[in-house]
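Peer 1: Here you go, this is coords-v4.cif (mmCIF, C-alpha atoms).
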data_start
loop_
_atom_site.label_atom_id
_atom_site.label_comp_id
_atom_site.auth_asym_id
_atom_site.auth_seq_id
_atom_site.Cartn_x
_atom_site.Cartn_y
_atom_site.Cartn_z
CA MET A 1 39.58 25.45 -21.70
CA THR A 2 42.69 27.57 -21.59
CA LYS A 3 46.07 27.82 -19.91
CA ASP A 4 44.51 29.90 -17.13
CA LYS A 5 44.49 28.32 -13.72
CA LYS A 6 40.73 27.89 -13.69
CA LEU A 7 39.35 25.70 -16.46
CA GLN A 8 37.11 27.66 -18.80
CA PRO A 9 33.87 26.31 -20.30
CA LEU A 10 33.29 25.99 -24.04
CA ARG A 11 30.18 27.15 -25.85
CA ILE A 12 28.89 24.10 -27.72
CA ASN A 13 25.31 23.19 -28.53
CA ALA A 14 24.59 19.44 -28.32
CA ARG A 15 21.46 17.68 -29.54
CA CYS A 16 20.05 14.17 -29.38
CA VAL A 17 20.55 11.85 -32.37
CA ALA A 18 16.80 11.07 -32.43
CA ASP A 19 13.71 13.29 -32.36
CA PHE A 20 11.28 13.14 -29.46
CA GLU A 21 8.62 11.19 -31.35
CA THR A 22 11.18 8.41 -31.84
CA ILE A 23 12.26 8.63 -28.19
CA ARG A 24 8.65 8.49 -27.00
CA GLY A 25 8.00 5.41 -29.13
CA ASN A 26 11.07 3.68 -27.71
CA VAL A 27 10.11 4.51 -24.13
CA THR A 28 6.52 3.33 -24.64
CA TYR A 29 7.78 0.03 -26.04
CA CYS A 30 10.16 -0.85 -23.21
CA CYS A 31 7.66 0.22 -20.55
CA GLY A 32 5.30 -2.44 -21.87
CA LEU A 33 7.80 -5.27 -21.41
CA GLY A 34 7.19 -5.81 -17.70
CA LEU A 35 10.80 -5.13 -16.75
CA ARG A 36 12.07 -3.71 -13.48
CA TYR A 37 12.58 0.05 -13.13
CA PHE A 38 15.56 1.59 -11.42
CA VAL A 39 14.86 3.18 -8.04
CA PRO A 40 17.69 5.21 -6.46
CA THR A 41 18.90 4.51 -2.97
CA GLU A 42 19.53 7.02 -0.21
CA GLN A 43 22.05 4.64 1.34
CA LYS A 44 25.66 4.80 0.21
CA ASN A 45 27.57 1.53 -0.12
CA ASP A 46 31.16 0.56 0.56
CA TYR A 47 31.88 -0.60 -3.00
CA GLU A 48 33.83 1.36 -5.60
CA ALA A 49 32.46 1.82 -9.11
CA VAL A 50 34.76 1.11 -12.05
CA LEU A 51 33.20 2.81 -15.07
CA VAL A 52 34.67 1.48 -18.32
CA GLY A 53 34.12 3.33 -21.59
CA SER A 54 35.55 2.63 -25.02
CA ALA A 55 38.02 5.44 -25.66
CA PRO A 56 41.47 4.39 -26.96
CA SER A 57 43.38 4.81 -23.67
CA VAL A 58 41.44 1.93 -22.07
CA LYS A 59 43.70 -0.46 -24.01
CA THR A 60 46.65 0.74 -21.94
CA GLN A 61 44.86 0.00 -18.66
CA ILE A 62 44.15 -3.74 -18.89
CA SER A 63 46.59 -4.63 -16.08
CA SER A 64 45.05 -2.00 -13.82
CA LEU A 65 41.55 -3.27 -14.56
CA LYS A 66 42.52 -6.87 -13.89
CA ARG A 67 44.05 -5.95 -10.55
CA LYS A 68 40.82 -4.28 -9.52
CA ARG A 69 38.70 -7.17 -10.79
CA GLY A 70 40.55 -9.41 -8.38
CA LYS A 71 39.36 -7.38 -5.37
CA PRO A 72 35.80 -7.67 -4.07
CA GLN A 73 35.27 -3.96 -3.32
CA TYR A 74 35.17 -3.05 -7.03
CA LYS A 75 32.04 -3.27 -9.17
CA PHE A 76 32.50 -2.97 -12.93
CA PHE A 77 30.28 -1.03 -15.33
CA GLY A 78 30.73 -1.88 -19.02
CA ILE A 79 29.47 1.18 -20.88
CA LYS A 80 28.43 0.24 -24.42
CA GLY A 81 31.64 -0.94 -26.12
CA GLY A 82 33.35 -1.11 -22.74
CA HIS A 83 31.24 -4.19 -21.92
CA ASP A 84 32.65 -6.37 -24.70
CA PHE A 85 36.14 -4.92 -24.22
CA LEU A 86 36.13 -6.16 -20.63
CA LEU A 87 34.94 -9.63 -21.60
CA LYS A 88 37.44 -9.83 -24.45
CA ASN A 89 40.13 -9.35 -21.80
CA ASN A 90 38.61 -11.91 -19.41
CA ILE A 91 37.23 -9.25 -17.05
CA GLU A 92 33.64 -9.83 -15.98
CA PRO A 93 31.42 -6.73 -15.79
CA ASP A 94 28.80 -6.49 -13.04
CA PHE A 95 26.68 -4.06 -15.02
CA GLY A 96 26.16 -3.21 -18.67
CA LEU A 97 24.94 0.26 -19.59
CA ALA A 98 23.53 1.94 -22.69
CA VAL A 99 21.82 5.24 -23.47
CA ASP A 100 21.80 5.67 -27.26
CA PRO A 101 18.43 5.42 -29.05
CA LEU A 102 19.92 4.28 -32.37
CA GLU A 103 18.91 0.89 -33.76
CA LYS A 104 22.51 -0.09 -34.56
CA ILE A 105 23.47 -0.23 -30.86
CA HIS A 106 22.34 -3.86 -30.45
CA LYS A 107 24.46 -4.88 -33.44
CA GLU A 108 27.64 -3.32 -32.04
CA ASN A 109 27.43 -3.76 -28.26
CA PHE A 110 26.78 -6.46 -25.64
CA LEU A 111 27.63 -9.17 -28.15
CA LYS A 112 29.69 -11.19 -25.67
CA ASP A 113 28.07 -13.06 -22.80
CA ALA A 114 28.78 -12.14 -19.20
CA GLN A 115 28.08 -14.62 -16.40
CA ASN A 116 26.32 -12.40 -13.85
CA CYS A 117 25.72 -9.00 -15.41
CA THR A 118 22.70 -6.76 -14.92
CA TYR A 119 21.95 -4.47 -17.86
CA PHE A 120 20.89 -0.93 -17.04
CA ILE A 121 19.32 0.15 -20.32
CA ALA A 122 17.90 3.64 -20.72
CA SER A 123 14.23 3.67 -21.66
CA GLN A 124 15.00 5.73 -24.76
CA CYS A 125 17.09 2.90 -26.25
CA HIS A 126 15.81 1.20 -29.39
CA PRO A 127 13.43 -1.78 -28.99
CA THR A 128 15.91 -4.06 -30.77
CA LEU A 129 18.37 -3.67 -27.89
CA PHE A 130 15.77 -4.75 -25.35
CA ASP A 131 14.64 -7.62 -27.60
CA SER A 132 18.16 -8.93 -28.09
CA LEU A 133 18.91 -8.94 -24.35
CA ILE A 134 15.55 -10.49 -23.45
CA GLU A 135 16.08 -13.23 -26.05
CA ARG A 136 19.34 -14.08 -24.29
CA ASP A 137 17.58 -14.13 -20.91
CA LYS A 138 19.57 -11.21 -19.50
CA GLN A 139 18.62 -9.29 -16.37
CA ILE A 140 17.48 -5.81 -17.41
CA VAL A 141 16.73 -2.71 -15.37
CA ILE A 142 15.09 0.26 -17.08
CA TRP A 143 16.10 3.79 -16.16
CA HIS A 144 15.03 7.13 -17.58
CA LEU A 145 17.12 10.08 -18.71
CA LEU A 146 16.04 13.43 -17.39
CA THR A 147 15.48 15.59 -20.45
CA GLU A 148 13.12 18.50 -20.92
CA ASN A 149 10.76 16.47 -23.12
CA LEU A 150 10.73 13.34 -20.95
CA ASP A 151 10.30 15.40 -17.80
CA GLN A 152 7.29 17.15 -19.27
CA TRP A 153 5.80 13.89 -20.57
CA GLY A 154 6.40 12.24 -17.20
CA ARG A 155 4.10 14.79 -15.55
CA ASP A 156 1.15 13.50 -17.59
CA PRO A 157 -0.88 10.93 -15.57
CA LYS A 158 -1.49 9.02 -18.81
CA SER A 159 2.25 8.66 -19.49
CA PRO A 160 3.92 5.24 -18.88
CA ILE A 161 6.66 7.11 -17.01
CA TYR A 162 4.32 9.17 -14.83
CA ARG A 163 6.23 10.19 -11.68
CA HIS A 164 9.11 7.84 -12.49
CA PHE A 165 12.58 8.77 -11.24
CA MET A 166 14.91 10.22 -13.88
CA ILE A 167 18.71 10.43 -14.06
CA HIS A 168 20.10 13.82 -14.97
CA GLY A 169 23.53 14.45 -16.45
CA GLY A 170 25.20 15.12 -19.78
CA SER A 171 24.57 14.07 -23.34
CA THR A 172 26.63 10.84 -23.33
CA SER A 173 26.44 7.35 -21.86
CA GLY A 174 29.61 7.95 -19.86
CA LEU A 175 28.32 11.06 -18.13
CA ARG A 176 24.95 9.55 -17.26
CA ALA A 177 26.81 6.50 -15.91
CA ILE A 178 28.49 8.74 -13.33
CA VAL A 179 25.14 10.02 -12.05
CA LEU A 180 23.61 6.54 -12.17
CA ALA A 181 26.48 5.11 -10.10
CA LEU A 182 25.98 7.81 -7.46
CA ALA A 183 22.24 7.10 -7.43
CA MET A 184 23.08 3.42 -6.84
CA GLY A 185 25.00 4.37 -3.70
CA PHE A 186 28.59 4.40 -4.94
CA ARG A 187 30.75 7.22 -3.59
CA LYS A 188 34.12 6.37 -5.10
CA LEU A 189 34.31 6.30 -8.90
CA HIS A 190 37.13 5.15 -11.20
CA LEU A 191 36.93 6.20 -14.86
CA TYR A 192 38.54 4.16 -17.65
CA GLY A 193 38.21 4.90 -21.35
CA TYR A 194 36.82 8.39 -20.70
CA ASP A 195 39.31 10.25 -22.93
CA SER A 196 36.93 12.63 -24.73
CA CYS A 197 39.71 13.36 -27.23
CA LEU A 198 41.23 11.90 -30.37
CA THR A 199 44.23 9.60 -30.49
CA GLY A 200 45.49 10.57 -33.92
CA THR A 201 42.25 10.13 -35.86
CA LEU A 202 40.98 7.32 -33.61
CA ARG A 203 37.82 7.95 -31.56
CA LYS A 204 37.08 4.54 -30.08
CA ILE A 205 38.60 1.11 -29.64
CA ASN A 206 36.25 -0.29 -32.29
CA GLY A 207 38.24 1.58 -34.95
CA GLU A 208 35.87 4.52 -35.36
CA THR A 209 37.82 7.54 -36.65
CA TYR A 210 37.44 11.28 -37.13
CA GLU A 211 39.62 13.14 -39.61
CA GLN A 212 41.29 16.17 -38.02
CA LYS A 213 41.61 18.12 -41.28
CA LYS A 214 39.07 19.35 -43.79
CA ALA A 215 39.59 18.87 -47.53
CA ASP A 216 41.17 22.34 -47.80
CA GLY A 217 43.74 21.45 -45.12
CA THR A 218 42.25 23.58 -42.34
CA ASP A 219 41.56 22.14 -38.90
CA LYS A 220 38.33 20.22 -38.49
CA ALA A 221 39.08 19.03 -34.97
CA ILE A 222 38.86 21.39 -32.00
CA THR A 223 42.07 22.16 -30.11
CA LEU A 224 41.70 22.23 -26.32
CA ASN A 225 44.29 23.03 -23.66
CA VAL A 226 44.19 21.63 -20.13
CA GLY A 227 47.03 22.20 -17.71
CA GLY A 228 49.34 23.26 -20.53
CA LYS A 229 48.67 20.14 -22.61
CA GLU A 230 46.84 20.28 -25.93
CA PHE A 231 44.18 17.82 -27.04
CA LYS A 232 42.30 17.37 -30.30
CA ALA A 233 38.60 16.62 -30.10
CA ASP A 234 35.57 16.42 -32.34
CA PRO A 235 32.56 18.56 -31.35
CA ALA A 236 30.83 15.74 -29.43
CA MET A 237 33.98 15.05 -27.42
CA ALA A 238 34.49 18.73 -26.65
CA SER A 239 30.88 18.98 -25.53
CA GLN A 240 31.29 15.96 -23.24
CA ALA A 241 34.42 17.45 -21.64
CA ASN A 242 32.54 20.69 -21.06
CA GLU A 243 29.51 18.90 -19.57
CA PHE A 244 31.81 16.79 -17.39
CA GLN A 245 33.13 19.86 -15.62
CA GLU A 246 29.63 21.20 -15.05
CA LEU A 247 28.56 17.79 -13.75
CA LEU A 248 31.33 17.77 -11.16
CA ARG A 249 30.33 21.22 -9.95
CA THR A 250 26.62 20.46 -9.68
CA LEU A 251 26.93 17.00 -8.10
CA TRP A 252 29.26 17.95 -5.27
CA ASN A 253 27.65 17.81 -1.84
CA GLU A 254 29.64 18.57 1.30
CA GLN A 255 27.14 16.62 3.41
CA ASP A 256 27.48 13.56 1.16
CA PRO A 257 30.99 13.70 -0.36
CA TRP A 258 32.20 11.49 -3.19
CA SER A 259 35.37 11.23 -5.26
CA ILE A 260 36.40 10.50 -8.83
CA ARG A 261 39.65 9.41 -10.51
CA GLY A 262 40.59 9.03 -14.18
CA TYR A 263 42.98 6.48 -15.68
CA GLY A 264 44.83 7.00 -18.94
CA ASP A 265 46.17 10.01 -20.80
CA GLY A 266 43.07 11.68 -22.17
CA LEU A 267 41.30 15.02 -21.92
CA ILE A 268 38.90 14.13 -19.11
CA GLN A 269 41.69 12.47 -17.14
CA HIS A 270 43.68 15.71 -17.34
CA ILE A 271 40.65 17.74 -16.31
CA ILE A 272 40.45 15.58 -13.17
CA LYS A 273 44.17 16.03 -12.46
CA THR A 274 43.96 19.79 -13.02
CA ARG A 275 40.93 20.14 -10.78
CA TYR A 276 42.72 18.09 -8.12
CA ARG A 277 45.69 20.48 -8.23
CA GLU A 278 43.27 23.40 -8.00
CA GLY A 279 41.96 21.91 -4.76
CA THR A 280 38.51 20.70 -5.78
CA PRO A 281 37.41 18.11 -3.20
CA GLU A 282 35.84 15.54 -5.51
CA CYS A 283 38.90 14.77 -7.67
CA PHE A 284 41.81 12.55 -6.67
CA ILE A 285 44.83 11.05 -8.42
#
With the file now loaded, output its structure as structure tokens.
Peer 2:
Amino acid sequence: MTKDKKLQPLRINARCVADFETIRGNVTYCCGLGLRYFVPTEQKNDYEAVLVGSAPSVKTQISSLKRKRGKPQYKFFGIKGGHDFLLKNNIEPDFGLAVDPLEKIHKENFLKDAQNCTYFIASQCHPTLFDSLIERDKQIVIWHLLTENLDQWGRDPKSPIYRHFMIHGGSTSGLRAIVLALAMGFRKLHLYGYDSCLTGTLRKINGETYEQKKADGTDKAITLNVGGKEFKADPAMASQANEFQELLRTLWNEQDPWSIRGYGDGLIQHIIKTRYREGTPECFI
């Protein structure tokens, strides 16, 4: 990303935090639980999706979120830490969403109880997350991430995900949530807590940090420039911002248009604003 008018892609290699044998074990486990699978709809709805992540800027948007919660056309997605953040601020999510296959996820997310929330949990998530939600009698819908390994395994008639629908997208929960919302029929998306950059050393609202400097004083964080404004990001954040731009390009469909808006002062929000000024049809401010 540079000061040039057109945003430039980065070259970053991302990889999953778990190997495929672990992923396959997780998927096999949840597929044996008798839970409902997500099936996409070809019909668009009149609701607007409010996708809430856990980046620092979401704390500045509580009033905006509460105004939307008071209007029936908005449906709220609490993405990982975004779920408990909403409830902590007396905002009920309609959906909870997780992608990460790590065991610690159930110890850090979805700890607060929502009244009428359906949990869209990726099949690659750790069994402990499914167990904890089932124990609390939560409504769960399983969905699959489209990855090279899962796609290949899903072509095997003996696979528990044989011919199942898969959601494509980037390497993070937030990016897959965008594609999932579109597959659910939403055509207007509002992004909160999608910064994809550091606020000082802070990564997330849970206090997770990333030091910008190495021990020798040189930069550890990556410096990115969007629309003349500089942002600091760790490699995962930079990768997400890069994938976000590619996602917007590949998802656009003139015959079935949709739109997206970002709230807050982060990297992805500025990408949306910059693309809007460049005339891309899917972005609005």
Peer 1: How would you write, as an NGL selection string, the residues chosen by the PyMOL selection byres ((chain A and resi 93) around 12) on this structure?
Peer 2: :A and (49-53 or 65-66 or 68-69 or 74-92 or 94-97 or 110 or 112-119)
Peer 1: Grab all the atoms of range 245-261 of chain A that the file lists, wrap them in a box along x, y and z, add 4 Å per side, and give me centre plus edge lengths in Å (one decimal) as JSON.
Peer 2:
{"center_x": 33.1, "center_y": 15.3, "center_z": -6.1, "size_x": 21.0, "size_y": 19.8, "size_z": 27.0}
Peer 1: Per residue of range 44-147 of chain A within 9 Å of range 257-278 of chain A, record the nearest atom pair and its distance in Å to one decimal, counting all atoms listed in the file, with rows in chain order and ascending residue number, as a Markdown table.
Peer 2:
| residue | atom | partner | partner_atom | distance |
| --- | --- | --- | --- | --- |
| A:Ala55 | CA | A:Gly266 | CA | 8.8 |
| A:Pro56 | CA | A:Gly266 | CA | 8.9 |
| A:Ser57 | CA | A:Gly264 | CA | 5.4 |
| A:Val58 | CA | A:Gly264 | CA | 6.9 |
| A:Thr60 | CA | A:Gly264 | CA | 7.2 |
| A:Gln61 | CA | A:Gly264 | CA | 7.0 |
| A:Ser64 | CA | A:Tyr263 | CA | 8.9 |
Peer 1: Out of A:Gly32, A:Gly185, A:Pro72, A:Gly169, which residue has the shortest atom-to-atom distance to Ile142 in chain A when counting all atoms listed in the file?
Peer 2: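 Of A:Gly32, A:Gly185, A:Pro72, A:Gly169, the one nearest Ile142 in chain A, counting all atoms listed in the file, is A:Gly32.
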Peer 1: Care to translate the PyMOL selection byres ((chain A and resi 152-165) around 8) into actual residues of this file, as a list of chain:residue names?
Peer 2: A:Thr28, A:Cys31, A:Phe38, A:Val39, A:Pro40, A:Trp143, A:His144, A:Glu148, A:Asn149, A:Leu150, A:Asp151, A:Met166, A:Ile167
Peer 1: Can you tell me, as a PyMOL selection string, what residues are no more than 10 Å from range 20-23 of chain A when counting all atoms listed in the file, ignoring any on the same chain fewer than 2 positions away?
Peer 2: chain A and resi 16-18+25-29+101-102+123-126+149-150
Peer 1: For the PyMOL selection byres ((chain A and resi 203) around 12), applied here, can you spell out every residue it catches as a PDB file with C-alpha atoms, in the frame of the given file?
Peer 2:
ATOM      1  CA  GLY A  53      34.120   3.330 -21.590  1.00  0.00           C
ATOM      2  CA  SER A  54      35.550   2.630 -25.020  1.00  0.00           C
ATOM      3  CA  ALA A  55      38.020   5.440 -25.660  1.00  0.00           C
ATOM      4  CA  PRO A  56      41.470   4.390 -26.960  1.00  0.00           C
ATOM      5  CA  SER A  57      43.380   4.810 -23.670  1.00  0.00           C
ATOM      6  CA  VAL A  58      41.440   1.930 -22.070  1.00  0.00           C
ATOM      7  CA  GLY A 193      38.210   4.900 -21.350  1.00  0.00           C
ATOM      8  CA  TYR A 194      36.820   8.390 -20.700  1.00  0.00           C
ATOM      9  CA  ASP A 195      39.310  10.250 -22.930  1.00  0.00           C
ATOM     10  CA  SER A 196      36.930  12.630 -24.730  1.00  0.00           C
ATOM     11  CA  CYS A 197      39.710  13.360 -27.230  1.00  0.00           C
ATOM     12  CA  LEU A 198      41.230  11.900 -30.370  1.00  0.00           C
ATOM     13  CA  THR A 199      44.230   9.600 -30.490  1.00  0.00           C
ATOM     14  CA  GLY A 200      45.490  10.570 -33.920  1.00  0.00           C
ATOM     15  CA  THR A 201      42.250  10.130 -35.860  1.00  0.00           C
ATOM     16  CA  LEU A 202      40.980   7.320 -33.610  1.00  0.00           C
ATOM     17  CA  LYS A 204      37.080   4.540 -30.080  1.00  0.00           C
ATOM     18  CA  ILE A 205      38.600   1.110 -29.640  1.00  0.00           C
ATOM     19  CA  ASN A 206      36.250  -0.290 -32.290  1.00  0.00           C
ATOM     20  CA  GLY A 207      38.240   1.580 -34.950  1.00  0.00           C
ATOM     21  CA  GLU A 208      35.870   4.520 -35.360  1.00  0.00           C
ATOM     22  CA  THR A 209      37.820   7.540 -36.650  1.00  0.00           C
ATOM     23  CA  TYR A 210      37.440  11.280 -37.130  1.00  0.00           C
ATOM     24  CA  GLU A 211      39.620  13.140 -39.610  1.00  0.00           C
ATOM     25  CA  GLN A 212      41.290  16.170 -38.020  1.00  0.00           C
ATOM     26  CA  ALA A 221      39.080  19.030 -34.970  1.00  0.00           C
ATOM     27  CA  LYS A 232      42.300  17.370 -30.300  1.00  0.00           C
ATOM     28  CA  ALA A 233      38.600  16.620 -30.100  1.00  0.00           C
ATOM     29  CA  ASP A 234      35.570  16.420 -32.340  1.00  0.00           C
ATOM     30  CA  PRO A 235      32.560  18.560 -31.350  1.00  0.00           C
ATOM     31  CA  ALA A 236      30.830  15.740 -29.430  1.00  0.00           C
ATOM     32  CA  MET A 237      33.980  15.050 -27.420  1.00  0.00           C
ATOM     33  CA  GLY A 266      43.070  11.680 -22.170  1.00  0.00           C
TER      34      GLY A 266
END
Peer 1: Between CA of Arg24 in chain A and CA of Glu42 in chain A, what is the spacing in Å?
Peer 2: 29.0 Å
Peer 1: Go ahead and compute the interatomic distance for CA of Val179 in chain A and CA of Phe284 in chain A, in Å to one decimal.
Peer 2: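 It comes out at 17.7 Å.
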Peer 1: At what distance in Å, to one decimal, does CA of Leu182 in chain A lie from CA of Thr41 in chain A?
Peer 2: 9.0 Å
Peer 1: Can you work out which one of A:Leu247, A:Ala98, A:Leu129, A:Leu111 has the shortest atom-to-atom distance to Leu145 in chain A, counting only C-alpha atoms?
Peer 2: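 Under the stated criterion, the closest residue is A:Ala98.
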Peer 1: Return the single residue from A:Arg176, A:His190, A:Arg36, A:Arg67 that is closest to Val141 in chain A, with distances computed using all atoms listed in the file.
Peer 2: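 Closest to Val141 in chain A, using all atoms listed in the file: A:Arg36.
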Peer 1: Which polymer residues have any atom within 12 Å of an atom of Gly170 in chain A, counting only C-alpha atoms, with same-chain residues fewer than 4 positions away left out, as a VMD selection string?
Peer 2: chain A and resid 13 to 16 99 145 to 147 174 to 180 236 to 237 239 to 248 250 to 251
